[in-house]
file protein19.pdb (PDB, C-alpha atoms (C1' of nucleotides))
ATOM      1  CA  MET V   1       0.000   0.000   0.000
ATOM      2  CA  SER V   2       2.306   2.749  -1.186
ATOM      3  CA  GLU V   3       0.708   6.038  -0.302
ATOM      4  CA  VAL V   4       2.137   7.932  -3.238
ATOM      5  CA  TYR V   5       2.698   7.385  -6.947
ATOM      6  CA  THR V   6       5.164   8.817  -9.420
ATOM      7  CA  ILE V   7       3.957  10.099 -12.736
ATOM      8  CA  SER V   8       5.285   7.092 -14.621
ATOM      9  CA  GLN V   9       3.520   4.669 -12.299
ATOM     10  CA  LEU V  10       0.234   6.332 -13.091
ATOM     11  CA  THR V  11       0.836   6.639 -16.823
ATOM     12  CA  GLU V  12       1.430   2.892 -16.915
ATOM     13  CA  ALA V  13      -1.542   2.136 -14.714
ATOM     14  CA  PHE V  14      -3.941   4.154 -16.817
ATOM     15  CA  ASP V  15      -2.214   3.934 -20.180
ATOM     16  CA  VAL V  16      -1.855   7.676 -20.681
ATOM     17  CA  THR V  17       1.194   9.854 -21.362
ATOM     18  CA  PRO V  18       2.842  12.153 -18.828
ATOM     19  CA  ARG V  19       1.691  15.022 -20.986
ATOM     20  CA  THR V  20      -1.891  14.043 -20.314
ATOM     21  CA  LEU V  21      -1.506  14.102 -16.540
ATOM     22  CA  ARG V  22       0.343  17.413 -16.682
ATOM     23  CA  PHE V  23      -2.350  18.801 -18.911
ATOM     24  CA  TYR V  24      -5.022  17.749 -16.441
ATOM     25  CA  GLU V  25      -3.017  19.485 -13.761
ATOM     26  CA  ASP V  26      -2.779  22.672 -15.816
ATOM     27  CA  SER V  27      -6.518  22.431 -16.291
ATOM     28  CA  GLY V  28      -6.978  22.372 -12.543
ATOM     29  CA  LEU V  29      -8.248  18.804 -12.325
ATOM     30  CA  LEU V  30      -5.286  17.452 -10.374
ATOM     31  CA  ASN V  31      -3.020  18.881  -7.726
ATOM     32  CA  PRO V  32      -0.182  16.484  -6.898
ATOM     33  CA  ARG V  33       2.199  17.661  -4.195
ATOM     34  CA  ARG V  34       5.816  18.214  -5.107
ATOM     35  CA  GLU V  35       9.021  16.745  -3.820
ATOM     36  CA  GLY V  36      11.392  19.383  -5.040
ATOM     37  CA  THR V  37      10.217  19.634  -8.610
ATOM     38  CA  ARG V  38       8.907  16.071  -8.957
ATOM     39  CA  ARG V  39       5.202  15.336  -8.787
ATOM     40  CA  LEU V  40       3.933  12.938  -6.153
ATOM     41  CA  TYR V  41       0.394  11.739  -6.614
ATOM     42  CA  SER V  42      -1.812  10.681  -3.706
ATOM     43  CA  PRO V  43      -4.491   7.963  -3.746
ATOM     44  CA  ARG V  44      -6.968  10.810  -4.021
ATOM     45  CA  ASP V  45      -5.246  12.019  -7.202
ATOM     46  CA  ARG V  46      -5.385   8.477  -8.458
ATOM     47  CA  THR V  47      -9.112   8.124  -8.028
ATOM     48  CA  ARG V  48      -9.588  11.520  -9.627
ATOM     49  CA  ILE V  49      -7.682  10.315 -12.678
ATOM     50  CA  LYS V  50      -9.928   7.294 -12.798
ATOM     51  CA  LEU V  51     -12.993   9.519 -12.691
ATOM     52  CA  ILE V  52     -11.577  11.810 -15.377
ATOM     53  CA  LEU V  53     -10.869   8.966 -17.785
ATOM     54  CA  ARG V  54     -14.230   7.379 -17.190
ATOM     55  CA  GLY V  55     -15.863  10.708 -17.867
ATOM     56  CA  LYS V  56     -13.948  10.994 -21.128
ATOM     57  CA  ARG V  57     -15.035   7.554 -22.234
ATOM     58  CA  LEU V  58     -18.608   8.646 -21.647
ATOM     59  CA  GLY V  59     -18.147  11.676 -23.855
ATOM     60  CA  PHE V  60     -17.866  14.390 -21.227
ATOM     61  CA  SER V  61     -15.553  17.326 -21.877
ATOM     62  CA  LEU V  62     -12.910  18.197 -19.312
ATOM     63  CA  ASN V  63     -15.036  21.154 -18.285
ATOM     64  CA  GLU V  64     -17.996  18.914 -17.625
ATOM     65  CA  ILE V  65     -15.732  16.533 -15.767
ATOM     66  CA  ARG V  66     -14.496  19.387 -13.654
ATOM     67  CA  GLU V  67     -18.075  20.078 -12.619
ATOM     68  CA  ILE V  68     -18.473  16.464 -11.569
ATOM     69  CA  LEU V  69     -15.249  16.464  -9.572
ATOM     70  CA  ASN V  70     -16.367  19.650  -7.879
ATOM     71  CA  LEU V  71     -19.440  17.829  -6.643
ATOM     72  CA  TYR V  72     -17.196  15.452  -4.742
ATOM     73  CA  ASP V  73     -15.055  18.271  -3.419
ATOM     74  CA  GLU V  74     -17.835  20.465  -2.110
ATOM     75  CA  GLN V  75     -19.400  17.603  -0.253
ATOM     76  CA  GLY V  76     -17.276  18.248   2.840
ATOM     77  CA  GLN V  77     -18.423  21.787   3.508
ATOM     78  CA  GLY V  78     -21.372  20.825   5.622
ATOM     79  CA  GLU V  79     -23.513  23.884   5.588
ATOM     80  CA  THR V  80     -27.215  23.377   5.092
ATOM     81  CA  ARG V  81     -27.624  25.768   2.195
ATOM     82  CA  GLN V  82     -24.482  24.463   0.510
ATOM     83  CA  LEU V  83     -25.690  20.903   0.781
ATOM     84  CA  GLU V  84     -29.052  21.762  -0.703
ATOM     85  CA  VAL V  85     -27.461  23.448  -3.683
ATOM     86  CA  LEU V  86     -25.093  20.528  -4.059
ATOM     87  CA  LEU V  87     -27.945  18.030  -4.049
ATOM     88  CA  GLY V  88     -29.555  19.954  -6.869
ATOM     89  CA  ARG V  89     -26.404  19.823  -8.947
ATOM     90  CA  ILE V  90     -26.004  16.133  -8.267
ATOM     91  CA  GLY V  91     -29.552  15.630  -9.491
ATOM     92  CA  GLU V  92     -28.757  17.424 -12.732
ATOM     93  CA  LYS V  93     -25.739  15.243 -13.391
ATOM     94  CA  GLN V  94     -27.778  12.142 -12.660
ATOM     95  CA  GLN V  95     -30.290  13.378 -15.178
ATOM     96  CA  GLN V  96     -27.570  13.787 -17.804
ATOM     97  CA  LEU V  97     -26.372  10.278 -17.147
ATOM     98  CA  PHE V  98     -29.871   8.876 -17.438
ATOM     99  CA  GLU V  99     -30.205  10.509 -20.830
ATOM    100  CA  LYS V 100     -26.948   8.972 -21.936
ATOM    101  CA  LYS V 101     -28.176   5.652 -20.694
ATOM    102  CA  ARG V 102     -31.264   5.940 -22.840
ATOM    103  CA  ASP V 103     -29.102   6.755 -25.853
ATOM    104  CA  LEU V 104     -26.889   3.813 -25.077
ATOM    105  CA  GLU V 105     -29.750   1.387 -24.790
ATOM    106  CA  ALA V 106     -31.251   2.656 -28.024
ATOM    107  CA  ALA V 107     -27.922   2.085 -29.733
ATOM    108  CA  LEU V 108     -27.689  -1.412 -28.289
ATOM    109  CA  ASP V 109     -31.213  -2.177 -29.451
ATOM    110  CA  ASP V 110     -30.390  -0.975 -32.951
ATOM    111  CA  LEU V 111     -27.324  -3.165 -33.128
ATOM    112  CA  SER V 112     -29.268  -6.151 -31.846
ATOM    113  CA  SER V 113     -31.846  -5.733 -34.569
ATOM    114  CA  LEU V 114     -29.164  -5.353 -37.179
ATOM    115  CA  ARG V 115     -27.477  -8.486 -35.909
ATOM    116  CA  SER V 116     -30.707 -10.485 -35.966
ATOM    117  CA  GLY V 117     -31.365  -9.413 -39.497
ATOM    118  CA  CYS V 118     -27.906 -10.505 -40.581
ATOM    119  CA  GLU V 119     -28.130 -13.846 -38.830
ATOM    120  CA  GLU V 120     -31.474 -14.528 -40.414
ATOM    121  CA  ARG V 121     -30.191 -13.623 -43.844
ATOM    122  CA  LEU V 122     -27.190 -15.830 -43.296
ATOM    123  CA  LEU V 123     -29.354 -18.813 -42.402
ATOM    124  CA  GLN V 124     -31.356 -18.354 -45.581
ATOM    125  CA  LEU V 125     -28.225 -18.252 -47.686
ATOM    126  CA  ARG V 126     -26.874 -21.413 -46.072
ATOM    127  CA  GLY V 127     -30.222 -23.108 -46.597
ATOM    128  CA  LYS V 128     -30.081 -22.478 -50.329
ATOM    129  CA  GLN V 129     -26.481 -23.497 -50.577
ATOM    130  CA  GLU V 130     -26.778 -27.078 -49.258
TER
ATOM    131  CA  MET Q   1     -45.211  12.602 -44.861
ATOM    132  CA  SER Q   2     -42.937  14.762 -46.967
ATOM    133  CA  GLU Q   3     -40.317  12.523 -48.534
ATOM    134  CA  VAL Q   4     -37.592  15.142 -48.565
ATOM    135  CA  TYR Q   5     -36.227  17.793 -46.248
ATOM    136  CA  THR Q   6     -34.359  21.035 -46.819
ATOM    137  CA  ILE Q   7     -31.272  21.798 -44.847
ATOM    138  CA  SER Q   8     -33.056  24.324 -42.656
ATOM    139  CA  GLN Q   9     -35.792  21.858 -41.785
ATOM    140  CA  LEU Q  10     -33.210  19.461 -40.478
ATOM    141  CA  THR Q  11     -31.146  22.058 -38.659
ATOM    142  CA  GLU Q  12     -34.290  23.062 -36.784
ATOM    143  CA  ALA Q  13     -35.327  19.484 -36.130
ATOM    144  CA  PHE Q  14     -31.966  18.506 -34.682
ATOM    145  CA  ASP Q  15     -30.791  21.861 -33.366
ATOM    146  CA  VAL Q  16     -27.599  21.948 -35.387
ATOM    147  CA  THR Q  17     -26.227  24.534 -37.828
ATOM    148  CA  PRO Q  18     -26.127  24.128 -41.613
ATOM    149  CA  ARG Q  19     -22.360  24.076 -41.285
ATOM    150  CA  THR Q  20     -22.613  20.920 -39.229
ATOM    151  CA  LEU Q  21     -24.662  19.055 -41.828
ATOM    152  CA  ARG Q  22     -22.371  20.202 -44.634
ATOM    153  CA  PHE Q  23     -19.401  19.141 -42.597
ATOM    154  CA  TYR Q  24     -20.889  15.681 -42.110
ATOM    155  CA  GLU Q  25     -21.391  15.548 -45.842
ATOM    156  CA  ASP Q  26     -17.778  16.523 -46.503
ATOM    157  CA  SER Q  27     -16.788  13.801 -44.066
ATOM    158  CA  GLY Q  28     -18.703  11.280 -46.126
ATOM    159  CA  LEU Q  29     -21.385  10.572 -43.546
ATOM    160  CA  LEU Q  30     -24.257  12.028 -45.580
ATOM    161  CA  ASN Q  31     -25.074  12.142 -49.266
ATOM    162  CA  PRO Q  32     -28.141  14.270 -49.942
ATOM    163  CA  ARG Q  33     -29.211  14.499 -53.544
ATOM    164  CA  ARG Q  34     -29.202  17.858 -55.248
ATOM    165  CA  GLU Q  35     -31.877  19.893 -56.915
ATOM    166  CA  GLY Q  36     -29.662  22.151 -58.943
ATOM    167  CA  THR Q  37     -27.284  23.251 -56.239
ATOM    168  CA  ARG Q  38     -29.665  22.858 -53.274
ATOM    169  CA  ARG Q  39     -29.430  19.877 -50.990
ATOM    170  CA  LEU Q  40     -32.436  17.633 -50.563
ATOM    171  CA  TYR Q  41     -32.296  15.169 -47.711
ATOM    172  CA  SER Q  42     -34.131  11.845 -47.727
ATOM    173  CA  PRO Q  43     -35.650  10.043 -44.733
ATOM    174  CA  ARG Q  44     -32.571   7.854 -44.843
ATOM    175  CA  ASP Q  45     -30.343  10.914 -44.481
ATOM    176  CA  ARG Q  46     -32.517  11.969 -41.595
ATOM    177  CA  THR Q  47     -32.078   8.751 -39.675
ATOM    178  CA  ARG Q  48     -28.361   8.866 -40.364
ATOM    179  CA  ILE Q  49     -28.216  12.309 -38.786
ATOM    180  CA  LYS Q  50     -30.039  10.941 -35.787
ATOM    181  CA  LEU Q  51     -27.513   8.132 -35.489
ATOM    182  CA  ILE Q  52     -24.602  10.527 -35.876
ATOM    183  CA  LEU Q  53     -25.812  12.834 -33.126
ATOM    184  CA  ARG Q  54     -26.566   9.974 -30.795
ATOM    185  CA  GLY Q  55     -23.100   8.625 -31.407
ATOM    186  CA  LYS Q  56     -21.623  11.999 -30.563
ATOM    187  CA  ARG Q  57     -23.556  12.184 -27.313
ATOM    188  CA  LEU Q  58     -22.088   8.819 -26.406
ATOM    189  CA  GLY Q  59     -18.579  10.081 -26.987
ATOM    190  CA  PHE Q  60     -17.837   8.476 -30.342
ATOM    191  CA  SER Q  61     -15.706  10.370 -32.830
ATOM    192  CA  LEU Q  62     -17.012  10.931 -36.335
ATOM    193  CA  ASN Q  63     -14.619   8.243 -37.551
ATOM    194  CA  GLU Q  64     -16.040   5.737 -35.102
ATOM    195  CA  ILE Q  65     -19.525   6.794 -36.101
ATOM    196  CA  ARG Q  66     -18.640   6.223 -39.726
ATOM    197  CA  GLU Q  67     -17.727   2.644 -38.857
ATOM    198  CA  ILE Q  68     -21.101   2.178 -37.242
ATOM    199  CA  LEU Q  69     -22.967   3.638 -40.204
ATOM    200  CA  ASN Q  70     -20.987   1.370 -42.486
ATOM    201  CA  LEU Q  71     -22.365  -1.611 -40.590
ATOM    202  CA  TYR Q  72     -25.847  -0.577 -41.613
ATOM    203  CA  ASP Q  73     -24.806   0.047 -45.196
ATOM    204  CA  GLU Q  74     -23.005  -3.217 -45.793
ATOM    205  CA  GLN Q  75     -25.914  -5.216 -44.512
ATOM    206  CA  GLY Q  76     -27.560  -5.355 -47.910
ATOM    207  CA  GLN Q  77     -24.751  -7.087 -49.779
ATOM    208  CA  GLY Q  78     -25.931 -10.573 -49.030
ATOM    209  CA  GLU Q  79     -22.881 -12.652 -49.600
ATOM    210  CA  THR Q  80     -22.120 -15.308 -47.010
ATOM    211  CA  ARG Q  81     -18.542 -14.288 -46.340
ATOM    212  CA  GLN Q  82     -19.492 -10.603 -46.215
ATOM    213  CA  LEU Q  83     -22.234 -11.280 -43.710
ATOM    214  CA  GLU Q  84     -19.927 -13.277 -41.474
ATOM    215  CA  VAL Q  85     -17.383 -10.480 -41.427
ATOM    216  CA  LEU Q  86     -20.134  -7.998 -40.777
ATOM    217  CA  LEU Q  87     -21.460 -10.005 -37.843
ATOM    218  CA  GLY Q  88     -18.004  -9.935 -36.325
ATOM    219  CA  ARG Q  89     -17.790  -6.177 -36.617
ATOM    220  CA  ILE Q  90     -21.249  -5.779 -35.148
ATOM    221  CA  GLY Q  91     -20.135  -7.882 -32.215
ATOM    222  CA  GLU Q  92     -17.168  -5.608 -31.616
ATOM    223  CA  LYS Q  93     -19.338  -2.531 -31.568
ATOM    224  CA  GLN Q  94     -21.733  -4.199 -29.174
ATOM    225  CA  GLN Q  95     -18.771  -4.950 -26.964
ATOM    226  CA  GLN Q  96     -17.739  -1.301 -26.986
ATOM    227  CA  LEU Q  97     -21.225  -0.265 -26.034
ATOM    228  CA  PHE Q  98     -21.345  -2.775 -23.187
ATOM    229  CA  GLU Q  99     -18.151  -1.303 -21.809
ATOM    230  CA  LYS Q 100     -19.619   2.149 -21.968
ATOM    231  CA  LYS Q 101     -22.663   0.861 -20.201
ATOM    232  CA  ARG Q 102     -20.528  -0.461 -17.378
ATOM    233  CA  ASP Q 103     -18.818   2.912 -17.105
ATOM    234  CA  LEU Q 104     -22.166   4.623 -17.076
ATOM    235  CA  GLU Q 105     -23.571   2.438 -14.357
ATOM    236  CA  ALA Q 106     -20.460   2.912 -12.258
ATOM    237  CA  ALA Q 107     -20.842   6.669 -12.629
ATOM    238  CA  LEU Q 108     -24.496   6.459 -11.659
ATOM    239  CA  ASP Q 109     -23.635   4.353  -8.619
ATOM    240  CA  ASP Q 110     -21.010   6.871  -7.544
ATOM    241  CA  LEU Q 111     -23.449   9.732  -7.811
ATOM    242  CA  SER Q 112     -26.071   7.796  -5.884
ATOM    243  CA  SER Q 113     -23.633   7.198  -3.046
ATOM    244  CA  LEU Q 114     -22.606  10.824  -3.062
ATOM    245  CA  ARG Q 115     -26.239  11.843  -2.939
ATOM    246  CA  SER Q 116     -27.034   9.505  -0.078
ATOM    247  CA  GLY Q 117     -24.124  10.862   1.898
ATOM    248  CA  CYS Q 118     -25.304  14.426   1.365
ATOM    249  CA  GLU Q 119     -28.891  13.656   2.280
ATOM    250  CA  GLU Q 120     -27.781  11.916   5.419
ATOM    251  CA  ARG Q 121     -25.553  14.787   6.390
ATOM    252  CA  LEU Q 122     -28.376  17.197   5.724
ATOM    253  CA  LEU Q 123     -30.731  15.305   8.000
ATOM    254  CA  GLN Q 124     -28.192  15.428  10.794
ATOM    255  CA  LEU Q 125     -27.790  19.173  10.406
ATOM    256  CA  ARG Q 126     -31.539  19.736  10.455
ATOM    257  CA  GLY Q 127     -31.809  17.482  13.507
ATOM    258  CA  LYS Q 128     -29.380  19.670  15.448
ATOM    259  CA  GLN Q 129     -30.972  22.845  14.268
ATOM    260  CA  GLU Q 130     -34.504  22.300  15.536
TER
ATOM    261  C1'  DT X   1      32.600   9.728 -12.864
ATOM    262  C1'  DT X   2      30.068   9.376 -16.540
ATOM    263  C1'  DA X   3      26.185   7.436 -18.529
ATOM    264  C1'  DT X   4      21.413   6.352 -18.095
ATOM    265  C1'  DA X   5      16.804   6.808 -16.464
ATOM    266  C1'  DA X   6      13.223   9.601 -14.969
ATOM    267  C1'  DG X   7      11.654  13.785 -14.257
ATOM    268  C1'  DT X   8      10.968  18.976 -15.340
ATOM    269  C1'  DT X   9       9.451  23.454 -18.072
ATOM    270  C1'  DT X  10       8.574  25.905 -22.309
ATOM    271  C1'  DA X  11       6.571  26.299 -26.428
ATOM    272  C1'  DC X  12       5.153  25.363 -30.907
ATOM    273  C1'  DG X  13       2.425  21.721 -33.688
ATOM    274  C1'  DT X  14      -1.682  18.796 -34.690
ATOM    275  C1'  DT X  15      -6.283  16.701 -35.044
ATOM    276  C1'  DT X  16     -11.162  17.010 -34.557
ATOM    277  C1'  DA X  17     -15.295  19.342 -35.198
ATOM    278  C1'  DC X  18     -17.057  22.707 -36.324
ATOM    279  C1'  DG X  19     -17.622  28.672 -36.278
ATOM    280  C1'  DT X  20     -17.621  32.602 -38.997
ATOM    281  C1'  DA X  21     -17.229  35.832 -42.553
ATOM    282  C1'  DA X  22     -17.310  36.942 -47.515
ATOM    283  C1'  DA X  23     -19.261  36.786 -51.912
ATOM    284  C1'  DG X  24     -22.607  35.181 -54.642
ATOM    285  C1'  DG X  25     -26.972  32.515 -56.874
ATOM    286  C1'  DT X  26     -32.216  31.871 -57.163
ATOM    287  C1'  DA X  27     -36.972  32.315 -56.241
ATOM    288  C1'  DA X  28     -40.844  34.502 -54.290
ATOM    289  C1'  DT X  29     -42.761  38.720 -52.557
ATOM    290  C1'  DT X  30     -43.577  43.962 -52.462
TER
ATOM    291  C1'  DA A   1     -37.321  46.371 -60.244
ATOM    292  C1'  DA A   2     -35.748  45.617 -55.844
ATOM    293  C1'  DT A   3     -35.987  43.519 -51.441
ATOM    294  C1'  DT A   4     -36.146  39.383 -48.724
ATOM    295  C1'  DA A   5     -35.427  34.575 -47.636
ATOM    296  C1'  DC A   6     -32.885  30.721 -48.327
ATOM    297  C1'  DC A   7     -29.410  28.487 -50.297
ATOM    298  C1'  DT A   8     -24.486  27.872 -52.133
ATOM    299  C1'  DT A   9     -19.042  27.574 -52.118
ATOM    300  C1'  DT A  10     -14.580  29.018 -50.452
ATOM    301  C1'  DA A  11     -11.603  29.733 -46.990
ATOM    302  C1'  DC A  12      -9.614  31.313 -42.917
ATOM    303  C1'  DG A  13     -10.384  31.044 -37.637
ATOM    304  C1'  DT A  14     -10.971  28.566 -33.222
ATOM    305  C1'  DA A  15     -11.504  25.679 -28.925
ATOM    306  C1'  DA A  16     -10.369  21.343 -26.884
ATOM    307  C1'  DA A  17      -7.148  17.916 -25.854
ATOM    308  C1'  DC A  18      -3.391  16.641 -26.163
ATOM    309  C1'  DG A  19       1.558  15.386 -29.239
ATOM    310  C1'  DT A  20       6.190  16.438 -29.793
ATOM    311  C1'  DA A  21      10.638  18.458 -29.672
ATOM    312  C1'  DA A  22      14.181  21.057 -27.148
ATOM    313  C1'  DA A  23      16.820  22.062 -23.364
ATOM    314  C1'  DC A  24      17.707  21.170 -18.605
ATOM    315  C1'  DT A  25      17.929  18.951 -13.619
ATOM    316  C1'  DT A  26      18.573  15.113 -10.450
ATOM    317  C1'  DA A  27      19.347  10.608  -8.826
ATOM    318  C1'  DT A  28      20.996   6.021  -9.460
ATOM    319  C1'  DA A  29      23.962   2.525 -11.820
ATOM    320  C1'  DA A  30      28.065   1.003 -14.109
TER
END
call {"tool": "encode", "arguments": {"input": "protein19.pdb", "output": "structure tokens"}}
result
Amino acid sequence: MSEVYTISQLTEAFDVTPRTLRFYEDSGLLNPRREGTRRLYSPRDRTRIKLILRGKRLGFSLNEIREILNLYDEQGQGETRQLEVLLGRIGEKQQQLFEKKRDLEAALDDLSSLRSGCEERLLQLRGKQE
Amino acid sequence: MSEVYTISQLTEAFDVTPRTLRFYEDSGLLNPRREGTRRLYSPRDRTRIKLILRGKRLGFSLNEIREILNLYDEQGQGETRQLEVLLGRIGEKQQQLFEKKRDLEAALDDLSSLRSGCEERLLQLRGKQE
DNA sequence: TTATAAGTTTACGTTTACGTAAAGGTAATT
DNA sequence: AATTACCTTTACGTAAACGTAAACTTATAA
């Protein structure tokens, strides 16, 4: 359980280049501490990278991903009003994800139909052939 | 049931600019017929636009989307070998979508947990307050 | 002690997916 | 006849998300 990671450990783990992690840092998505000039990433940084990359795979921009990460950050400040606002923003993001889920399921349905059609056609062709 | 659409009809329907549709055409994703110089889009073009935009929302690049559209196109050429290859490619795309679905569900789970935590915290605060 | 490996900053380059004029054609109103 | 609406092509501009090269530092290995 090493508490910290070097940049190369994380680039290997997530299959990204150093440039990518530095770019995310420039964009304000990561904040590794420094040992001299070297970056040292914490487990927290690591999970943030995981969230960033997952967000990218789902088609979110880095700006949208920043909003999501902020949700996790602002959770600590336990002030009633803050929490209420936060809950609203969480709800919006959930809504966005639900919409994506609908899109995804529609796409899966389309591909299933296409597949069925092909399989059927293939059976017919093989029937004729024998 | 008008069989054809002008560019402005489709830009309104899908909330995109003319530039976007022309760009998709330049990219080889659409092929509207022409009446003189004007573009006339068929129902087929229309459904292709729908597929393109859905693909974009799911984080696919236009190149990846082209691959998907090609699956639909090549379906007609009923030659056994062709269909077998096609079925393989359909399977790959389905696989990609399943992976995205896993990502999506993980993201939804995370947000649900975050939400629960906030709601719990909020209840505690309101308990103290009264 | 001199490579070698791993890290750093700086800065220009590149791809994708369009945005945004500019300059013009055509068809229906006014 | 001239305005208006809608369309066209051409072409340069732009934001996002990095890639890539150059020039340099620091620590470990040979």
call {"tool": "resolve_selection", "arguments": {"input": "protein19.pdb", "expression": "the PyMOL selection byres ((chain X and resi 23) around 12)", "output": "PyMOL selection string"}}
result
(chain X and resi 21-22+24-25) or (chain A and resi 8-11)
call {"tool": "resolve_selection", "arguments": {"input": "protein19.pdb", "expression": "the PyMOL selection byres ((chain Q) within 10 of (chain A))", "output": "PyMOL selection string"}}
result
chain Q and resi 6-8+37-39
call {"tool": "resolve_selection", "arguments": {"input": "protein19.pdb", "expression": "the PyMOL selection byres ((chain X) within 12 of (chain V))", "output": "MDAnalysis selection string"}}
result
chainID X and resid 5:9
call {"tool": "write_last_selection", "arguments": {"input": "protein19.pdb", "atoms": "C-alpha atoms (C1' of nucleotides)", "output": "PDB file, in the coordinates of the input"}}
result
ATOM      1  C1'  DA X   5      16.804   6.808 -16.464  1.00  0.00           C
ATOM      2  C1'  DA X   6      13.223   9.601 -14.969  1.00  0.00           C
ATOM      3  C1'  DG X   7      11.654  13.785 -14.257  1.00  0.00           C
ATOM      4  C1'  DT X   8      10.968  18.976 -15.340  1.00  0.00           C
ATOM      5  C1'  DT X   9       9.451  23.454 -18.072  1.00  0.00           C
TER       6       DT X   9
END
call {"tool": "closest_residue", "arguments": {"input": "protein19.pdb", "among": "Q:Asn31, Q:Asn63, Q:Ser42, Q:Gln94", "to": "chain V", "atoms": "only C-alpha atoms"}}
result
Q:Gln94
call {"tool": "atom_distance", "arguments": {"input": "protein19.pdb", "atom1": "atom CA of Q:Tyr5", "atom2": "atom CA of Q:Tyr24"}}
result
16.0 Å
call {"tool": "closest_atom_pairs", "arguments": {"input": "protein19.pdb", "of": "chain V", "to": "chain Q", "cutoff": "7 Å", "atoms": "all atoms listed in the file", "output": "JSON lines"}}
result
{"residue": "V:Arg54", "atom": "CA", "partner": "Q:Asp103", "partner_atom": "CA", "distance": 6.4}
{"residue": "V:Arg57", "atom": "CA", "partner": "Q:Gly59", "partner_atom": "CA", "distance": 6.4}
{"residue": "V:Leu58", "atom": "CA", "partner": "Q:Gly59", "partner_atom": "CA", "distance": 5.5}
{"residue": "V:Gly59", "atom": "CA", "partner": "Q:Gly59", "partner_atom": "CA", "distance": 3.5}
{"residue": "V:Gln75", "atom": "CA", "partner": "Q:Cys118", "partner_atom": "CA", "distance": 6.9}
{"residue": "V:Thr80", "atom": "CA", "partner": "Q:Leu122", "partner_atom": "CA", "distance": 6.3}
{"residue": "V:Leu83", "atom": "CA", "partner": "Q:Cys118", "partner_atom": "CA", "distance": 6.5}
{"residue": "V:Leu87", "atom": "CA", "partner": "Q:Arg115", "partner_atom": "CA", "distance": 6.5}
{"residue": "V:Ile90", "atom": "CA", "partner": "Q:Arg115", "partner_atom": "CA", "distance": 6.8}
{"residue": "V:Gln94", "atom": "CA", "partner": "Q:Leu108", "partner_atom": "CA", "distance": 6.6}
{"residue": "V:Leu97", "atom": "CA", "partner": "Q:Leu108", "partner_atom": "CA", "distance": 6.9}
{"residue": "V:Lys100", "atom": "CA", "partner": "Q:Leu58", "partner_atom": "CA", "distance": 6.6}
{"residue": "V:Asp103", "atom": "CA", "partner": "Q:Arg54", "partner_atom": "CA", "distance": 6.4}
{"residue": "V:Leu108", "atom": "CA", "partner": "Q:Gln94", "partner_atom": "CA", "distance": 6.6}
{"residue": "V:Leu111", "atom": "CA", "partner": "Q:Ile90", "partner_atom": "CA", "distance": 6.9}
{"residue": "V:Arg115", "atom": "CA", "partner": "Q:Leu87", "partner_atom": "CA", "distance": 6.5}
{"residue": "V:Cys118", "atom": "CA", "partner": "Q:Leu83", "partner_atom": "CA", "distance": 6.5}
{"residue": "V:Leu122", "atom": "CA", "partner": "Q:Thr80", "partner_atom": "CA", "distance": 6.3}
{"residue": "V:Leu125", "atom": "CA", "partner": "Q:Thr80", "partner_atom": "CA", "distance": 6.8}
call {"tool": "atom_distance", "arguments": {"input": "protein19.pdb", "atom1": "atom CA of Q:Leu21", "atom2": "atom CA of V:Glu64"}}
result
25.1 Å
call {"tool": "residues_around", "arguments": {"input": "protein19.pdb", "residues": "X:DA17", "least_positions_apart": "5", "cutoff": "9 Å", "atoms": "all atoms listed in the file", "output": "MDAnalysis selection string"}}
result
chainID Q and resid 20 23 62
call {"tool": "atom_distance", "arguments": {"input": "protein19.pdb", "atom1": "atom CA of V:Ser27", "atom2": "atom CA of V:Arg66"}}
result
8.9 Å
call {"tool": "axis_aligned_box", "arguments": {"input": "protein19.pdb", "around": "stretch 66-80 of chain Q", "padding_each_side": "5 Å", "output": "AutoDock Vina command-line options"}}
result
--center_x -22.6 --center_y -4.5 --center_z -43.5 --size_x 19.8 --size_y 31.5 --size_z 22.5
call {"tool": "decode", "arguments": {"input": "protein19.pdb", "residues": "stretch 10-23 of chain X", "atoms": "C-alpha atoms (C1' of nucleotides)", "output": "mmCIF file, in the first residue's frame"}}
result
data_model
loop_
_atom_site.group_PDB
_atom_site.id
_atom_site.type_symbol
_atom_site.label_atom_id
_atom_site.label_comp_id
_atom_site.auth_asym_id
_atom_site.auth_seq_id
_atom_site.Cartn_x
_atom_site.Cartn_y
_atom_site.Cartn_z
ATOM 1 C "C1'" DT X 10 8.574 25.905 -22.309
ATOM 2 C "C1'" DA X 11 6.571 26.299 -26.428
ATOM 3 C "C1'" DC X 12 5.153 25.363 -30.907
ATOM 4 C "C1'" DG X 13 2.425 21.721 -33.688
ATOM 5 C "C1'" DT X 14 -1.682 18.796 -34.690
ATOM 6 C "C1'" DT X 15 -6.283 16.701 -35.044
ATOM 7 C "C1'" DT X 16 -11.162 17.010 -34.557
ATOM 8 C "C1'" DA X 17 -15.295 19.342 -35.198
ATOM 9 C "C1'" DC X 18 -17.057 22.707 -36.324
ATOM 10 C "C1'" DG X 19 -17.622 28.672 -36.278
ATOM 11 C "C1'" DT X 20 -17.621 32.602 -38.997
ATOM 12 C "C1'" DA X 21 -17.229 35.832 -42.553
ATOM 13 C "C1'" DA X 22 -17.310 36.942 -47.515
ATOM 14 C "C1'" DA X 23 -19.261 36.786 -51.912
#
